[in-house]
$ cat entry.cif   # mmCIF, C-alpha atoms; chains and numbers go by the auth columns
data_work
loop_
_atom_site.group_PDB
_atom_site.id
_atom_site.type_symbol
_atom_site.label_atom_id
_atom_site.label_comp_id
_atom_site.label_asym_id
_atom_site.label_seq_id
_atom_site.Cartn_x
_atom_site.Cartn_y
_atom_site.Cartn_z
_atom_site.B_iso_or_equiv
_atom_site.auth_seq_id
_atom_site.auth_asym_id
ATOM 1 C CA MET A 1 -31.749 -14.021 -3.354 0.00 16 A
ATOM 2 C CA PHE A 2 -31.571 -17.225 -5.372 0.00 17 A
ATOM 3 C CA LYS A 3 -28.034 -18.542 -5.375 0.00 18 A
ATOM 4 C CA ARG A 4 -26.465 -20.766 -8.009 0.00 19 A
ATOM 5 C CA LEU A 5 -22.874 -21.589 -7.205 0.00 20 A
ATOM 6 C CA ILE A 6 -20.367 -22.975 -9.719 0.00 21 A
ATOM 7 C CA THR A 7 -17.529 -24.787 -7.935 0.00 22 A
ATOM 8 C CA VAL A 8 -14.641 -26.914 -9.097 0.00 23 A
ATOM 9 C CA GLY A 9 -12.724 -29.869 -7.767 0.00 24 A
ATOM 10 C CA ILE A 10 -9.127 -30.278 -8.845 0.00 25 A
ATOM 11 C CA ALA A 11 -7.224 -33.518 -8.381 0.00 26 A
ATOM 12 C CA GLY A 12 -3.521 -32.822 -8.316 0.00 27 A
ATOM 13 C CA LEU A 13 -1.113 -29.959 -8.688 0.00 28 A
ATOM 14 C CA LEU A 14 -1.014 -27.973 -11.907 0.00 29 A
ATOM 15 C CA GLY A 15 2.741 -27.868 -11.969 0.00 30 A
ATOM 16 C CA SER A 16 5.744 -29.542 -10.442 0.00 31 A
ATOM 17 C CA ALA A 17 7.850 -26.444 -9.822 0.00 32 A
ATOM 18 C CA ALA A 18 8.867 -26.047 -6.202 0.00 33 A
ATOM 19 C CA HIS A 19 8.048 -22.748 -4.495 0.00 34 A
ATOM 20 C CA ALA A 20 9.504 -21.126 -1.406 0.00 35 A
ATOM 21 C CA ASN A 21 5.985 -20.760 -0.030 0.00 36 A
ATOM 22 C CA LEU A 22 5.718 -22.830 3.153 0.00 37 A
ATOM 23 C CA ILE A 23 1.921 -22.948 2.953 0.00 38 A
ATOM 24 C CA THR A 24 0.542 -26.127 1.386 0.00 39 A
ATOM 25 C CA ASN A 25 -1.524 -25.218 -1.693 0.00 40 A
ATOM 26 C CA GLY A 26 -1.599 -21.511 -0.842 0.00 41 A
ATOM 27 C CA SER A 27 -3.093 -20.605 -4.230 0.00 42 A
ATOM 28 C CA PHE A 28 -5.788 -23.313 -4.103 0.00 43 A
ATOM 29 C CA GLU A 29 -4.797 -24.667 -7.508 0.00 44 A
ATOM 30 C CA SER A 30 -5.282 -28.189 -6.135 0.00 45 A
ATOM 31 C CA GLY A 31 -8.642 -27.589 -4.491 0.00 46 A
ATOM 32 C CA LEU A 32 -8.656 -27.581 -0.692 0.00 47 A
ATOM 33 C CA THR A 33 -5.709 -29.960 -0.361 0.00 48 A
ATOM 34 C CA GLY A 34 -3.846 -29.091 2.828 0.00 49 A
ATOM 35 C CA TRP A 35 -6.734 -27.065 4.262 0.00 50 A
ATOM 36 C CA THR A 36 -9.431 -27.878 6.825 0.00 51 A
ATOM 37 C CA ALA A 37 -12.891 -26.318 6.617 0.00 52 A
ATOM 38 C CA GLY A 38 -14.651 -25.969 9.957 0.00 53 A
ATOM 39 C CA GLY A 39 -17.280 -24.051 11.854 0.00 54 A
ATOM 40 C CA THR A 40 -20.896 -23.899 10.714 0.00 55 A
ATOM 41 C CA GLN A 41 -20.926 -25.022 7.080 0.00 56 A
ATOM 42 C CA LEU A 42 -24.688 -24.782 6.381 0.00 57 A
ATOM 43 C CA ILE A 43 -25.692 -24.668 2.683 0.00 58 A
ATOM 44 C CA TYR A 44 -22.514 -23.295 1.100 0.00 59 A
ATOM 45 C CA PRO A 45 -19.237 -24.319 2.759 0.00 60 A
ATOM 46 C CA PRO A 46 -16.004 -22.602 1.638 0.00 61 A
ATOM 47 C CA ALA A 47 -15.473 -23.756 -1.952 0.00 62 A
ATOM 48 C CA VAL A 48 -12.785 -23.470 -4.629 0.00 63 A
ATOM 49 C CA VAL A 49 -13.996 -21.458 -7.630 0.00 64 A
ATOM 50 C CA VAL A 50 -12.525 -20.382 -10.972 0.00 65 A
ATOM 51 C CA THR A 51 -10.971 -16.900 -10.965 0.00 66 A
ATOM 52 C CA ASP A 52 -10.082 -16.336 -14.599 0.00 67 A
ATOM 53 C CA GLY A 53 -12.089 -13.187 -15.301 0.00 68 A
ATOM 54 C CA ALA A 54 -14.451 -15.021 -17.637 0.00 69 A
ATOM 55 C CA SER A 55 -16.171 -17.870 -15.786 0.00 70 A
ATOM 56 C CA GLY A 56 -19.295 -16.938 -13.838 0.00 71 A
ATOM 57 C CA CYS A 57 -17.930 -18.440 -10.656 0.00 72 A
ATOM 58 C CA CYS A 58 -19.775 -16.453 -8.023 0.00 73 A
ATOM 59 C CA PHE A 59 -23.483 -16.647 -8.784 0.00 74 A
ATOM 60 C CA GLY A 60 -22.882 -15.511 -12.318 0.00 75 A
ATOM 61 C CA GLU A 61 -20.221 -12.896 -11.589 0.00 76 A
ATOM 62 C CA ALA A 62 -16.739 -13.384 -13.043 0.00 77 A
ATOM 63 C CA VAL A 63 -13.822 -12.814 -10.674 0.00 78 A
ATOM 64 C CA PRO A 64 -10.476 -11.821 -12.215 0.00 79 A
ATOM 65 C CA ALA A 65 -7.236 -13.651 -11.512 0.00 80 A
ATOM 66 C CA ASP A 66 -5.282 -12.370 -8.523 0.00 81 A
ATOM 67 C CA THR A 67 -2.336 -10.497 -10.058 0.00 82 A
ATOM 68 C CA VAL A 68 -1.244 -8.540 -6.974 0.00 83 A
ATOM 69 C CA VAL A 69 2.503 -7.851 -7.194 0.00 84 A
ATOM 70 C CA GLY A 70 4.762 -8.029 -4.166 0.00 85 A
ATOM 71 C CA GLY A 71 3.006 -10.710 -2.193 0.00 86 A
ATOM 72 C CA SER A 72 3.214 -14.443 -2.843 0.00 87 A
ATOM 73 C CA ASP A 73 6.123 -15.714 -4.914 0.00 88 A
ATOM 74 C CA GLU A 74 3.700 -18.019 -6.751 0.00 89 A
ATOM 75 C CA ALA A 75 2.366 -16.932 -10.126 0.00 90 A
ATOM 76 C CA ALA A 76 -1.248 -15.834 -10.401 0.00 91 A
ATOM 77 C CA GLY A 77 -3.442 -18.892 -10.819 0.00 92 A
ATOM 78 C CA THR A 78 -7.043 -19.384 -11.846 0.00 93 A
ATOM 79 C CA HIS A 79 -8.631 -20.473 -8.560 0.00 94 A
ATOM 80 C CA GLY A 80 -9.529 -19.051 -5.167 0.00 95 A
ATOM 81 C CA VAL A 81 -11.726 -19.909 -2.175 0.00 96 A
ATOM 82 C CA TYR A 82 -15.229 -18.437 -2.030 0.00 97 A
ATOM 83 C CA PHE A 83 -17.008 -17.676 1.275 0.00 98 A
ATOM 84 C CA VAL A 84 -20.684 -17.054 0.539 0.00 99 A
ATOM 85 C CA ASP A 85 -23.164 -18.594 2.968 0.00 100 A
ATOM 86 C CA ASP A 86 -25.782 -16.164 4.328 0.00 101 A
ATOM 87 C CA GLY A 87 -25.893 -17.637 7.847 0.00 102 A
ATOM 88 C CA ALA A 88 -22.390 -18.838 8.555 0.00 103 A
ATOM 89 C CA ASN A 89 -19.602 -18.949 11.093 0.00 104 A
ATOM 90 C CA GLN A 90 -17.059 -20.706 8.880 0.00 105 A
ATOM 91 C CA THR A 91 -13.335 -21.289 9.147 0.00 106 A
ATOM 92 C CA LEU A 92 -10.593 -22.439 6.814 0.00 107 A
ATOM 93 C CA SER A 93 -7.335 -23.383 8.485 0.00 108 A
ATOM 94 C CA GLN A 94 -3.914 -24.940 8.182 0.00 109 A
ATOM 95 C CA THR A 95 -1.128 -25.577 10.696 0.00 110 A
ATOM 96 C CA LEU A 96 2.510 -25.459 9.693 0.00 111 A
ATOM 97 C CA ALA A 97 5.789 -26.082 11.487 0.00 112 A
ATOM 98 C CA LEU A 98 8.165 -23.106 11.479 0.00 113 A
ATOM 99 C CA ALA A 99 11.740 -22.752 12.659 0.00 114 A
ATOM 100 C CA ALA A 100 12.809 -19.670 14.572 0.00 115 A
ATOM 101 C CA GLY A 101 13.412 -16.703 12.281 0.00 116 A
ATOM 102 C CA ALA A 102 11.690 -13.999 10.240 0.00 117 A
ATOM 103 C CA TYR A 103 8.904 -14.709 7.735 0.00 118 A
ATOM 104 C CA GLU A 104 6.965 -12.652 5.241 0.00 119 A
ATOM 105 C CA ILE A 105 3.280 -13.538 5.556 0.00 120 A
ATOM 106 C CA GLY A 106 0.184 -12.499 3.636 0.00 121 A
ATOM 107 C CA PHE A 107 -2.834 -13.217 1.442 0.00 122 A
ATOM 108 C CA ASP A 108 -5.189 -11.460 -0.977 0.00 123 A
ATOM 109 C CA ALA A 109 -8.955 -10.934 -0.702 0.00 124 A
ATOM 110 C CA TYR A 110 -11.684 -9.858 -3.146 0.00 125 A
ATOM 111 C CA ALA A 111 -15.312 -8.764 -2.647 0.00 126 A
ATOM 112 C CA PRO A 112 -17.617 -9.681 -5.580 0.00 127 A
ATOM 113 C CA GLN A 113 -19.960 -6.847 -6.530 0.00 128 A
ATOM 114 C CA ASN A 114 -23.201 -8.865 -6.342 0.00 129 A
ATOM 115 C CA GLY A 115 -22.401 -9.938 -2.787 0.00 130 A
ATOM 116 C CA PHE A 116 -21.309 -6.431 -1.847 0.00 131 A
ATOM 117 C CA ASN A 117 -24.701 -5.140 -3.000 0.00 132 A
ATOM 118 C CA ASN A 118 -26.552 -7.469 -0.616 0.00 133 A
ATOM 119 C CA PRO A 119 -28.258 -5.725 2.322 0.00 134 A
ATOM 120 C CA PHE A 120 -26.442 -7.586 5.105 0.00 135 A
ATOM 121 C CA ASP A 121 -22.757 -7.370 5.910 0.00 136 A
ATOM 122 C CA ALA A 122 -20.196 -10.106 6.594 0.00 137 A
ATOM 123 C CA SER A 123 -17.177 -10.039 8.897 0.00 138 A
ATOM 124 C CA PHE A 124 -13.889 -11.529 7.799 0.00 139 A
ATOM 125 C CA ASN A 125 -10.693 -12.277 9.678 0.00 140 A
ATOM 126 C CA GLY A 126 -7.364 -13.480 8.275 0.00 141 A
ATOM 127 C CA THR A 127 -4.679 -14.718 10.675 0.00 142 A
ATOM 128 C CA ILE A 128 -1.332 -16.139 9.549 0.00 143 A
ATOM 129 C CA ALA A 129 1.363 -17.512 11.869 0.00 144 A
ATOM 130 C CA ASN A 130 -0.813 -16.358 14.785 0.00 145 A
ATOM 131 C CA ILE A 131 -0.738 -12.711 13.563 0.00 146 A
ATOM 132 C CA VAL A 132 -4.023 -11.015 12.619 0.00 147 A
ATOM 133 C CA LEU A 133 -3.492 -9.428 9.192 0.00 148 A
ATOM 134 C CA ALA A 134 -7.104 -8.536 8.413 0.00 149 A
ATOM 135 C CA ASP A 135 -10.192 -8.112 10.584 0.00 150 A
ATOM 136 C CA TYR A 136 -12.976 -6.183 8.871 0.00 151 A
ATOM 137 C CA THR A 137 -16.531 -6.085 7.593 0.00 152 A
ATOM 138 C CA VAL A 138 -16.919 -6.325 3.833 0.00 153 A
ATOM 139 C CA HIS A 139 -19.135 -3.239 3.563 0.00 154 A
ATOM 140 C CA GLY A 140 -16.715 -1.371 5.817 0.00 155 A
ATOM 141 C CA GLN A 141 -13.863 -2.028 3.389 0.00 156 A
ATOM 142 C CA ASN A 142 -15.867 -0.267 0.664 0.00 157 A
ATOM 143 C CA ALA A 143 -13.681 -1.779 -2.063 0.00 158 A
ATOM 144 C CA PRO A 144 -15.611 -4.285 -4.199 0.00 159 A
ATOM 145 C CA LYS A 145 -14.234 -5.818 -7.398 0.00 160 A
ATOM 146 C CA GLN A 146 -10.551 -5.424 -6.598 0.00 161 A
ATOM 147 C CA TRP A 147 -7.945 -7.667 -5.040 0.00 162 A
ATOM 148 C CA LEU A 148 -6.619 -6.275 -1.753 0.00 163 A
ATOM 149 C CA HIS A 149 -3.325 -7.397 -0.251 0.00 164 A
ATOM 150 C CA TYR A 150 -2.748 -8.014 3.462 0.00 165 A
ATOM 151 C CA SER A 151 0.782 -8.704 4.687 0.00 166 A
ATOM 152 C CA GLY A 152 3.253 -8.463 7.533 0.00 167 A
ATOM 153 C CA ILE A 153 6.480 -9.791 9.020 0.00 168 A
ATOM 154 C CA ALA A 154 6.401 -12.522 11.657 0.00 169 A
ATOM 155 C CA ASN A 155 9.403 -12.822 13.956 0.00 170 A
ATOM 156 C CA VAL A 156 9.172 -16.427 15.139 0.00 171 A
ATOM 157 C CA LEU A 157 10.890 -16.674 18.510 0.00 172 A
ATOM 158 C CA ALA A 158 10.774 -20.441 18.910 0.00 173 A
ATOM 159 C CA ALA A 159 10.325 -23.383 16.567 0.00 174 A
ATOM 160 C CA GLY A 160 6.878 -24.930 16.719 0.00 175 A
ATOM 161 C CA ASN A 161 3.477 -25.188 15.102 0.00 176 A
ATOM 162 C CA TYR A 162 1.826 -21.998 13.868 0.00 177 A
ATOM 163 C CA ASP A 163 -1.751 -21.511 12.725 0.00 178 A
ATOM 164 C CA VAL A 164 -3.218 -20.064 9.542 0.00 179 A
ATOM 165 C CA LEU A 165 -6.893 -19.274 10.030 0.00 180 A
ATOM 166 C CA PHE A 166 -9.595 -17.521 8.017 0.00 181 A
ATOM 167 C CA ARG A 167 -13.011 -16.869 9.578 0.00 182 A
ATOM 168 C CA TYR A 168 -16.158 -15.710 7.758 0.00 183 A
ATOM 169 C CA VAL A 169 -19.298 -14.767 9.724 0.00 184 A
ATOM 170 C CA THR A 170 -22.705 -13.618 8.446 0.00 185 A
ATOM 171 C CA PRO A 171 -25.851 -12.762 10.443 0.00 186 A
ATOM 172 C CA GLY A 172 -28.215 -15.336 8.966 0.00 187 A
ATOM 173 C CA THR A 173 -31.026 -12.807 8.529 0.00 188 A
ATOM 174 C CA GLY A 174 -30.765 -12.396 4.770 0.00 189 A
ATOM 175 C CA ALA A 175 -28.438 -12.145 1.777 0.00 190 A
ATOM 176 C CA ALA A 176 -24.972 -11.070 2.931 0.00 191 A
ATOM 177 C CA ALA A 177 -21.662 -9.915 1.469 0.00 192 A
ATOM 178 C CA ASP A 178 -19.176 -12.462 0.054 0.00 193 A
ATOM 179 C CA VAL A 179 -15.381 -12.882 0.114 0.00 194 A
ATOM 180 C CA VAL A 180 -12.878 -14.640 -2.169 0.00 195 A
ATOM 181 C CA ILE A 181 -9.290 -15.293 -1.002 0.00 196 A
ATOM 182 C CA ASP A 182 -6.191 -16.388 -2.880 0.00 197 A
ATOM 183 C CA ARG A 183 -2.379 -16.657 -2.741 0.00 198 A
ATOM 184 C CA VAL A 184 -1.831 -17.301 0.964 0.00 199 A
ATOM 185 C CA TYR A 185 1.883 -17.372 1.738 0.00 200 A
ATOM 186 C CA VAL A 186 4.574 -17.736 4.376 0.00 201 A
ATOM 187 C CA LEU A 187 8.077 -17.041 3.066 0.00 202 A
ATOM 188 C CA ALA A 188 11.399 -17.169 4.912 0.00 203 A
ATOM 189 C CA SER A 189 12.741 -13.613 5.077 0.00 204 A
ATOM 190 C CA THR A 190 15.943 -11.748 5.802 0.00 205 A
ATOM 191 C CA GLN A 191 14.003 -8.680 6.961 0.00 206 A
ATOM 192 C CA GLY A 192 14.388 -7.758 10.577 0.00 207 A
ATOM 193 C CA GLY A 193 11.796 -6.523 13.020 0.00 208 A
ATOM 194 C CA GLY A 194 8.233 -7.679 12.625 0.00 209 A
ATOM 195 C CA THR A 195 5.796 -8.977 15.203 0.00 210 A
ATOM 196 C CA PRO A 196 7.389 -11.373 17.725 0.00 211 A
ATOM 197 C CA ILE A 197 5.322 -14.524 18.155 0.00 212 A
ATOM 198 C CA GLY A 198 5.522 -17.897 19.880 0.00 213 A
ATOM 199 C CA PRO A 199 4.092 -21.298 18.880 0.00 214 A
ATOM 200 C CA SER A 200 0.379 -22.063 18.916 0.00 215 A
ATOM 201 C CA PRO A 201 -0.578 -22.958 22.496 0.00 216 A
ATOM 202 C CA VAL A 202 -0.759 -26.650 23.348 0.00 217 A
ATOM 203 C CA PRO A 203 -2.578 -27.742 26.561 0.00 218 A
ATOM 204 C CA GLU A 204 -0.090 -28.627 29.279 0.00 219 A
ATOM 205 C CA PRO A 205 -0.340 -32.059 30.996 0.00 220 A
ATOM 206 C CA THR A 206 -1.651 -30.401 34.196 0.00 221 A
ATOM 207 C CA THR A 207 -4.355 -28.581 32.241 0.00 222 A
ATOM 208 C CA LEU A 208 -5.363 -31.797 30.503 0.00 223 A
ATOM 209 C CA ALA A 209 -5.513 -33.618 33.849 0.00 224 A
ATOM 210 C CA LEU A 210 -7.735 -30.919 35.365 0.00 225 A
ATOM 211 C CA LEU A 211 -9.991 -31.026 32.310 0.00 226 A
ATOM 212 C CA ALA A 212 -10.296 -34.813 32.554 0.00 227 A
ATOM 213 C CA ALA A 213 -11.079 -34.583 36.267 0.00 228 A
ATOM 214 C CA GLY A 214 -13.740 -31.976 35.585 0.00 229 A
ATOM 215 C CA LEU A 215 -15.371 -34.142 32.942 0.00 230 A
ATOM 216 C CA LEU A 216 -15.366 -37.152 35.282 0.00 231 A
ATOM 217 C CA GLY A 217 -16.949 -35.062 38.016 0.00 232 A
ATOM 218 C CA PHE A 218 -19.585 -33.758 35.617 0.00 233 A
ATOM 219 C CA GLY A 219 -20.373 -37.327 34.595 0.00 234 A
ATOM 220 C CA ALA A 220 -20.749 -38.373 38.238 0.00 235 A
ATOM 221 C CA VAL A 221 -23.170 -35.503 38.885 0.00 236 A
ATOM 222 C CA ARG A 222 -25.241 -36.448 35.875 0.00 237 A
ATOM 223 C CA ARG A 223 -25.382 -40.101 37.017 0.00 238 A
ATOM 224 C CA ASN A 224 -26.496 -38.999 40.499 0.00 239 A
ATOM 225 C CA LYS A 225 -29.237 -36.833 39.059 0.00 240 A
ATOM 226 C CA ARG A 226 -30.518 -39.674 36.892 0.00 241 A
ATOM 227 C CA SER A 227 -30.601 -42.053 39.874 0.00 242 A
#
$ encode --input "entry.cif" --output "structure tokens"
Amino acid sequence: MFKRLITVGIAGLLGSAAHANLITNGSFESGLTGWTAGGTQLIYPPAVVVTDGASGCCFGEAVPADTVVGGSDEAAGTHGVYFVDDGANQTLSQTLALAAGAYEIGFDAYAPQNGFNNPFDASFNGTIANIVLADYTVHGQNAPKQWLHYSGIANVLAAGNYDVLFRYVTPGTGAAADVVIDRVYVLASTQGGGTPIGPSPVPEPTTLALLAAGLLGFGAVRRNKRS
């Protein structure tokens, strides 16, 4: 399948109003500011596209604005992130510092019809504040051309750094399904319950020392083999 991708770059926020959302640029209205793309990028890395229902953002297909009610406190914008590469293991991530307490977490995802019609599937995982909210194959969802909402409550037990991570994987054997995401959020909440979580793990000094020793030993073995 010949692919022609229309992407946009946006320099700066489209408004100065402050939101309760603790995610930086959760609606992608300022491009990928605050986010880190990783993994295998190949031909088409995760890209910000127009989602206004009119622009042919996704290889000619128009994606409507995300107007899901009851998720993010931010108004529906006109941009989202498009995962599309046919041989990818891509990630998009952000780390944020959270105090102990309860948080509402979530995001929205959309499967364009032309990608859904492709013969090969794609797997997608959405994790916020270390809680897996979505882990599915696009064909398995069987819901193209509609925004789906994924949410939960995170009960943060201790202040620390918490990860937001999206992963998109395709087989690399042909044209695969696509995913668009938008309106990622973490909001302080008064709701009780939820999934108890701790901070993202950080290697302890002992672990780091053992790792360094192992690397030094490996280097010594390699030097001996060369000699």
$ resolve_selection --input "entry.cif" --expression "the PyMOL selection byres ((chain A and resi 165) around 8)" --output "number ranges by chain"
A: 121-123, 148-149, 163-164, 166-167
$ write_last_selection --input "entry.cif" --atoms "C-alpha atoms" --output "mmCIF file, keeping the file's coordinate frame"
data_model
loop_
_atom_site.group_PDB
_atom_site.id
_atom_site.type_symbol
_atom_site.label_atom_id
_atom_site.label_comp_id
_atom_site.auth_asym_id
_atom_site.auth_seq_id
_atom_site.Cartn_x
_atom_site.Cartn_y
_atom_site.Cartn_z
ATOM 1 C CA GLY A 121 0.184 -12.499 3.636
ATOM 2 C CA PHE A 122 -2.834 -13.217 1.442
ATOM 3 C CA ASP A 123 -5.189 -11.460 -0.977
ATOM 4 C CA LEU A 148 -3.492 -9.428 9.192
ATOM 5 C CA ALA A 149 -7.104 -8.536 8.413
ATOM 6 C CA LEU A 163 -6.619 -6.275 -1.753
ATOM 7 C CA HIS A 164 -3.325 -7.397 -0.251
ATOM 8 C CA SER A 166 0.782 -8.704 4.687
ATOM 9 C CA GLY A 167 3.253 -8.463 7.533
#
$ resolve_selection --input "entry.cif" --expression "the PyMOL selection byres ((chain A and resi 133-144) around 9)" --output "VMD selection string"
chain A and resid 16 101 110 to 111 113 120 to 122 128 to 132 145 to 155 165 169 171 176 to 194 199 to 201 212 214 to 215
$ write_last_selection --input "entry.cif" --atoms "C-alpha atoms" --output "CSV table (one decimal), in the coordinates of the input"
chain,number,residue,atom,x,y,z
A,16,MET,CA,-31.7,-14.0,-3.4
A,101,ASP,CA,-25.8,-16.2,4.3
A,110,THR,CA,-1.1,-25.6,10.7
A,111,LEU,CA,2.5,-25.5,9.7
A,113,LEU,CA,8.2,-23.1,11.5
A,120,ILE,CA,3.3,-13.5,5.6
A,121,GLY,CA,0.2,-12.5,3.6
A,122,PHE,CA,-2.8,-13.2,1.4
A,128,GLN,CA,-20.0,-6.8,-6.5
A,129,ASN,CA,-23.2,-8.9,-6.3
A,130,GLY,CA,-22.4,-9.9,-2.8
A,131,PHE,CA,-21.3,-6.4,-1.8
A,132,ASN,CA,-24.7,-5.1,-3.0
A,145,ASN,CA,-0.8,-16.4,14.8
A,146,ILE,CA,-0.7,-12.7,13.6
A,147,VAL,CA,-4.0,-11.0,12.6
A,148,LEU,CA,-3.5,-9.4,9.2
A,149,ALA,CA,-7.1,-8.5,8.4
A,150,ASP,CA,-10.2,-8.1,10.6
A,151,TYR,CA,-13.0,-6.2,8.9
A,152,THR,CA,-16.5,-6.1,7.6
A,153,VAL,CA,-16.9,-6.3,3.8
A,154,HIS,CA,-19.1,-3.2,3.6
A,155,GLY,CA,-16.7,-1.4,5.8
A,165,TYR,CA,-2.7,-8.0,3.5
A,169,ALA,CA,6.4,-12.5,11.7
A,171,VAL,CA,9.2,-16.4,15.1
A,176,ASN,CA,3.5,-25.2,15.1
A,177,TYR,CA,1.8,-22.0,13.9
A,178,ASP,CA,-1.8,-21.5,12.7
A,179,VAL,CA,-3.2,-20.1,9.5
A,180,LEU,CA,-6.9,-19.3,10.0
A,181,PHE,CA,-9.6,-17.5,8.0
A,182,ARG,CA,-13.0,-16.9,9.6
A,183,TYR,CA,-16.2,-15.7,7.8
A,184,VAL,CA,-19.3,-14.8,9.7
A,185,THR,CA,-22.7,-13.6,8.4
A,186,PRO,CA,-25.9,-12.8,10.4
A,187,GLY,CA,-28.2,-15.3,9.0
A,188,THR,CA,-31.0,-12.8,8.5
A,189,GLY,CA,-30.8,-12.4,4.8
A,190,ALA,CA,-28.4,-12.1,1.8
A,191,ALA,CA,-25.0,-11.1,2.9
A,192,ALA,CA,-21.7,-9.9,1.5
A,193,ASP,CA,-19.2,-12.5,0.1
A,194,VAL,CA,-15.4,-12.9,0.1
A,199,VAL,CA,-1.8,-17.3,1.0
A,200,TYR,CA,1.9,-17.4,1.7
A,201,VAL,CA,4.6,-17.7,4.4
A,212,ILE,CA,5.3,-14.5,18.2
A,214,PRO,CA,4.1,-21.3,18.9
A,215,SER,CA,0.4,-22.1,18.9
$ atom_distance --input "entry.cif" --atom1 "atom CA of Ala90 of chain A" --atom2 "atom CA of Ala115 of chain A"
27.0 Å
$ resolve_selection --input "entry.cif" --expression "the PyMOL selection byres ((chain A and resi 79) around 7)" --output "VMD selection string"
chain A and resid 66 to 68 77 to 78 80 to 81
$ closest_residue --input "entry.cif" --among "A:Tyr125, A:Ile168, A:Ser70, A:Gln206" --to "Val83 of chain A" --atoms "all atoms listed in the file"
A:Tyr125
$ axis_aligned_box --input "entry.cif" --around "segment 108-114 of chain A" --padding-each-side "3 Å" --output "JSON"
{"center_x": 2.2, "center_y": -24.4, "center_z": 10.4, "size_x": 25.1, "size_y": 9.3, "size_z": 10.5}
$ atom_distance --input "entry.cif" --atom1 "atom CA of Ala103 of chain A" --atom2 "atom CA of Ala62 of chain A"
13.5 Å
$ closest_residue --input "entry.cif" --among "A:Ala124, A:Val99, A:Leu57, A:Ala114" --to "Arg198 of chain A" --atoms "all atoms listed in the file"
A:Ala124
$ closest_residue --input "entry.cif" --among "A:Thr48, A:Pro211, A:Ala126, A:Glu76" --to "Gln156 of chain A" --atoms "all atoms listed in the file"
A:Ala126
$ closest_residue --input "entry.cif" --among "A:Phe43, A:Tyr59, A:Phe74, A:Trp50" --to "Gln105 of chain A" --atoms "all atoms listed in the file"
A:Tyr59
$ build_atoms --input "entry.cif" --residues "segment 162-174 of chain A" --atoms "N, CA and C atoms" --output "mmCIF file, keeping the file's coordinate frame"
data_model
loop_
_atom_site.group_PDB
_atom_site.id
_atom_site.type_symbol
_atom_site.label_atom_id
_atom_site.label_comp_id
_atom_site.auth_asym_id
_atom_site.auth_seq_id
_atom_site.Cartn_x
_atom_site.Cartn_y
_atom_site.Cartn_z
ATOM 1 N N TRP A 162 -8.724 -6.852 -5.962
ATOM 2 C CA TRP A 162 -7.945 -7.667 -5.040
ATOM 3 C C TRP A 162 -7.188 -6.762 -4.076
ATOM 4 N N LEU A 163 -7.327 -7.018 -2.785
ATOM 5 C CA LEU A 163 -6.619 -6.275 -1.753
ATOM 6 C C LEU A 163 -5.593 -7.188 -1.089
ATOM 7 N N HIS A 164 -4.439 -6.616 -0.790
ATOM 8 C CA HIS A 164 -3.325 -7.397 -0.251
ATOM 9 C C HIS A 164 -3.138 -7.092 1.226
ATOM 10 N N TYR A 165 -2.982 -8.151 2.027
ATOM 11 C CA TYR A 165 -2.748 -8.014 3.462
ATOM 12 C C TYR A 165 -1.457 -8.750 3.796
ATOM 13 N N SER A 166 -0.526 -8.076 4.464
ATOM 14 C CA SER A 166 0.782 -8.704 4.687
ATOM 15 C C SER A 166 1.426 -8.195 5.962
ATOM 16 N N GLY A 167 2.500 -8.858 6.359
ATOM 17 C CA GLY A 167 3.253 -8.463 7.533
ATOM 18 C C GLY A 167 4.516 -9.287 7.660
ATOM 19 N N ILE A 168 5.265 -9.033 8.712
ATOM 20 C CA ILE A 168 6.480 -9.791 9.020
ATOM 21 C C ILE A 168 6.293 -10.462 10.376
ATOM 22 N N ALA A 169 6.494 -11.764 10.411
ATOM 23 C CA ALA A 169 6.401 -12.522 11.657
ATOM 24 C C ALA A 169 7.806 -12.867 12.133
ATOM 25 N N ASN A 170 8.120 -12.482 13.342
ATOM 26 C CA ASN A 170 9.403 -12.822 13.956
ATOM 27 C C ASN A 170 9.180 -14.007 14.890
ATOM 28 N N VAL A 171 9.421 -15.203 14.378
ATOM 29 C CA VAL A 171 9.172 -16.427 15.139
ATOM 30 C C VAL A 171 10.285 -16.621 16.169
ATOM 31 N N LEU A 172 9.906 -16.603 17.430
ATOM 32 C CA LEU A 172 10.890 -16.674 18.510
ATOM 33 C C LEU A 172 11.328 -18.093 18.821
ATOM 34 N N ALA A 173 10.443 -19.051 18.580
ATOM 35 C CA ALA A 173 10.774 -20.441 18.910
ATOM 36 C C ALA A 173 10.143 -21.364 17.879
ATOM 37 N N ALA A 174 10.858 -22.405 17.516
ATOM 38 C CA ALA A 174 10.325 -23.383 16.567
ATOM 39 C C ALA A 174 9.078 -24.032 17.137
#
